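Visitor: Sending over a structure as structure tokens; questions will come in a sec.
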Amino acid sequence: ALQEPPRSAAAEKQLWQWSEQITPVENVHDYTQAIKDLGAMVCIPRKPLCDNCPISELCQARKLGLEQQLPLKQVAKPIPTRHEVVLLIDHRGRYLVRRRLAEGFLGGMWEFPMLSFQEDEDPESRLRLLFSDFGLRGNAEPIGSSQHVYSHFRLKSAIYYKKIEDLLRVSEGDDDWFSLDKLKKIALHGAHKKVLVELQKSGV
Ligand code: SF4
């Protein structure tokens, strides 16, 4: 009896091995049809109908008393969590955003200025680096946090807001200033769409 989650690599290997051993040389079509019918109508994954099963005498799962436990469920692997600090720089209602490099993860999408940090790091130390990159002074206001799950990691964003009076000099092309209305229309990536929602909820 297969005691691995059916979609695991080990199960696939084992199933192919058994299949090669058991599949008859003659009447293959009848055999495969019978197996499919058995799986569809009798040996169903939850609550198999063992009392009506034509092969219950041969069933290894039943012999082992595992017919109600099998097939095993695939246990989802936990995904890692990454952290970033996001700085929302507001110049008269327009916010600085940057376009990511065309190649790679989320290529070509827009995002707010951000820096990653380790779980045991203080996000404010990364915030100070962002301040230094833009030549900003003073403090930023923490306005909340958001979370977005990608297929292979979870991203937690610590969000800070900074209002400025003098327009910053930013490189042309990859950086731009957009109003809230425009931000809702451009291709912000998923995590920063949630940052935008937090910005609007904050009422700053
Ligand atoms: S006896 Fe075995 S093959 Fe038949 S329904 Fe039960 S678990 Fe499936």
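All residue names refer to the structure tokens as shown: chains lettered A, B, ... in order, residues numbered from 1 in each chain, ligands numbered from 1 in order.
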Using only C-alpha atoms, find each residue in stretch 13-125 of chain A having at least one atom no more than 10 Å away from stretch 142-150 of chain A; report its shortest atom-to-atom pair and that distance in Å (one decimal), rows by chain then rising number, as a Markdown table.
Guide:
```
| residue | atom | partner | partner_atom | distance |
| --- | --- | --- | --- | --- |
| A:Ile79 | CA | A:Val149 | CA | 9.1 |
| A:Pro80 | CA | A:Val149 | CA | 10.0 |
| A:Thr81 | CA | A:Val149 | CA | 8.9 |
| A:Arg82 | CA | A:Gln147 | CA | 9.9 |
| A:His83 | CA | A:Gln147 | CA | 9.3 |
| A:Glu84 | CA | A:Ser145 | CA | 9.9 |
| A:Val85 | CA | A:Ser145 | CA | 9.1 |
| A:Val86 | CA | A:Ser145 | CA | 9.2 |
| A:Leu87 | CA | A:Pro142 | CA | 9.2 |
| A:Leu88 | CA | A:Ile143 | CA | 9.8 |
| A:Glu124 | CA | A:Pro142 | CA | 9.8 |
```
Visitor: Step by step, measure atom-to-atom distances between ligand 1 and each residue using only C-alpha atoms and all ligand atoms, keep those at most 7 Å, then write them as a list in words.
Guide: Val42, Cys43, Ile44, Pro48, Leu49, Cys50, Cys53, Pro54, Ile55, Ser56, Cys59, Gln60, Ala61, Arg62 and Glu67 of chain A
Visitor: Mind checking which residues fall within 10 Å of stretch 102-107 of chain A, counting only C-alpha atoms, ignoring those fewer than 5 positions away in the same chain, and posting them as a PyMOL selection string?
Guide: chain A and resi 188-190
Visitor: Can you write out the residues you just picked, keeping N, CA and C atoms, as an mmCIF file, in the first residue's frame?
Guide:
```cif
data_model
loop_
_atom_site.group_PDB
_atom_site.id
_atom_site.type_symbol
_atom_site.label_atom_id
_atom_site.label_comp_id
_atom_site.auth_asym_id
_atom_site.auth_seq_id
_atom_site.Cartn_x
_atom_site.Cartn_y
_atom_site.Cartn_z
ATOM 1 N N LEU A 188 1.293 48.578 -10.193
ATOM 2 C CA LEU A 188 2.011 48.355 -8.926
ATOM 3 C C LEU A 188 1.998 46.851 -8.679
ATOM 4 N N HIS A 189 3.066 46.302 -8.128
ATOM 5 C CA HIS A 189 3.006 44.862 -7.858
ATOM 6 C C HIS A 189 2.120 44.595 -6.639
ATOM 7 N N GLY A 190 1.719 43.336 -6.479
ATOM 8 C CA GLY A 190 0.684 42.979 -5.504
ATOM 9 C C GLY A 190 0.960 43.475 -4.094
#
```
Visitor: Restricting the calculation to only C-alpha atoms, which member of A:Ala187, A:Trp110, A:Leu199, A:Arg128 is positioned closest to A:Asp175?
Guide: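 Smallest distance to A:Asp175 is found for A:Trp110.
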Visitor: List the neighbours of A:Gln69 out to 10 Å using only C-alpha atoms; skip same-chain residues closer than 5 positions along the sequence, and give me the result as a count of residues only.
Guide: 5
Visitor: Quick one: everything within 6 Å of A:Ala140, counting only C-alpha atoms, minus sequence neighbours fewer than 2 positions away in the same chain. Send it as a ChimeraX atom specification.
Guide: /A:160-162
Visitor: Take the residues from that selection and write them out as a PDB file, in the first residue's frame, keeping all heavy atoms.
Guide:
```
ATOM      1  N   TYR A 160       6.090  53.453   6.079  1.00  0.00           N
ATOM      2  CA  TYR A 160       6.364  54.773   6.665  1.00  0.00           C
ATOM      3  C   TYR A 160       5.975  55.851   5.668  1.00  0.00           C
ATOM      4  O   TYR A 160       6.085  55.665   4.451  1.00  0.00           O
ATOM      5  CB  TYR A 160       7.853  54.907   7.015  1.00  0.00           C
ATOM      6  CG  TYR A 160       8.255  54.043   8.184  1.00  0.00           C
ATOM      7  CD1 TYR A 160       8.512  52.686   7.998  1.00  0.00           C
ATOM      8  CD2 TYR A 160       8.359  54.565   9.466  1.00  0.00           C
ATOM      9  CE1 TYR A 160       8.864  51.877   9.071  1.00  0.00           C
ATOM     10  CE2 TYR A 160       8.714  53.764  10.544  1.00  0.00           C
ATOM     11  CZ  TYR A 160       8.966  52.422  10.336  1.00  0.00           C
ATOM     12  OH  TYR A 160       9.314  51.626  11.398  1.00  0.00           O
ATOM     13  N   TYR A 161       5.549  56.989   6.225  1.00  0.00           N
ATOM     14  CA  TYR A 161       5.064  58.096   5.394  1.00  0.00           C
ATOM     15  C   TYR A 161       5.896  59.337   5.668  1.00  0.00           C
ATOM     16  O   TYR A 161       6.175  59.668   6.824  1.00  0.00           O
ATOM     17  CB  TYR A 161       3.598  58.360   5.753  1.00  0.00           C
ATOM     18  CG  TYR A 161       3.015  59.604   5.150  1.00  0.00           C
ATOM     19  CD1 TYR A 161       2.477  59.589   3.867  1.00  0.00           C
ATOM     20  CD2 TYR A 161       2.989  60.797   5.869  1.00  0.00           C
ATOM     21  CE1 TYR A 161       1.928  60.737   3.316  1.00  0.00           C
ATOM     22  CE2 TYR A 161       2.443  61.948   5.329  1.00  0.00           C
ATOM     23  CZ  TYR A 161       1.916  61.911   4.050  1.00  0.00           C
ATOM     24  OH  TYR A 161       1.375  63.047   3.514  1.00  0.00           O
ATOM     25  N   LYS A 162       6.291  60.014   4.591  1.00  0.00           N
ATOM     26  CA  LYS A 162       7.087  61.235   4.740  1.00  0.00           C
ATOM     27  C   LYS A 162       6.561  62.291   3.772  1.00  0.00           C
ATOM     28  O   LYS A 162       6.511  62.067   2.559  1.00  0.00           O
ATOM     29  CB  LYS A 162       8.554  60.921   4.413  1.00  0.00           C
ATOM     30  CG  LYS A 162       9.456  62.128   4.369  1.00  0.00           C
ATOM     31  CD  LYS A 162       9.735  62.655   5.749  1.00  0.00           C
ATOM     32  CE  LYS A 162      10.709  63.826   5.721  1.00  0.00           C
ATOM     33  NZ  LYS A 162      10.758  64.517   7.017  1.00  0.00           N
TER      34      LYS A 162
END
```
Visitor: For A:Glu111, which residue among A:Phe131, A:Glu20, A:Leu72, A:Tyr95 is the nearest when counting only C-alpha atoms?
Guide: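 Checking each candidate against A:Glu111, we get A:Tyr95 as the closest.
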Visitor: I need the strand (DSSP E) residues of chain A per DSSP on the backbone, written as a VMD selection string.
Guide: chain A and resid 81 to 91 94 to 99 110 to 111 114 to 117 141 to 149 154 to 164 175 to 179
Visitor: Tell me, in Å to one decimal, how far atom CA of A:Gly138 is from atom CA of A:Asp181.
Guide: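 About the pair atom CA of A:Gly138 and atom CA of A:Asp181: they are 27.5 Å apart.
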Visitor: Using the chain letters and numbers from this document, which residues of chain A does DSSP assign to alpha helix (DSSP H), as a ChimeraX atom specification?
Guide: /A:9-22,28-37,60-63,123-134,180-185,190-202
Visitor: Please determine, counting only C-alpha atoms, which residue among A:Leu2, A:Lys193, A:Lys182, A:Gly203 has the shortest atom-to-atom distance to A:Leu64.
Guide: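 Using only C-alpha atoms, A:Leu64 sits closest to A:Leu2.
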Visitor: Let me make sure I understand: among A:Leu127, A:Asp174, A:Val97, A:Asn27, which one has the smallest atom-to-atom distance to A:His192 if we use only C-alpha atoms?
Guide: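 Distance minimum relative to A:His192 lands on A:Val97.
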Visitor: Record the distance separating atom CA of A:Pro5 and atom CA of A:Asp30, expressed in Å with one decimal.
Guide: 27.2 Å
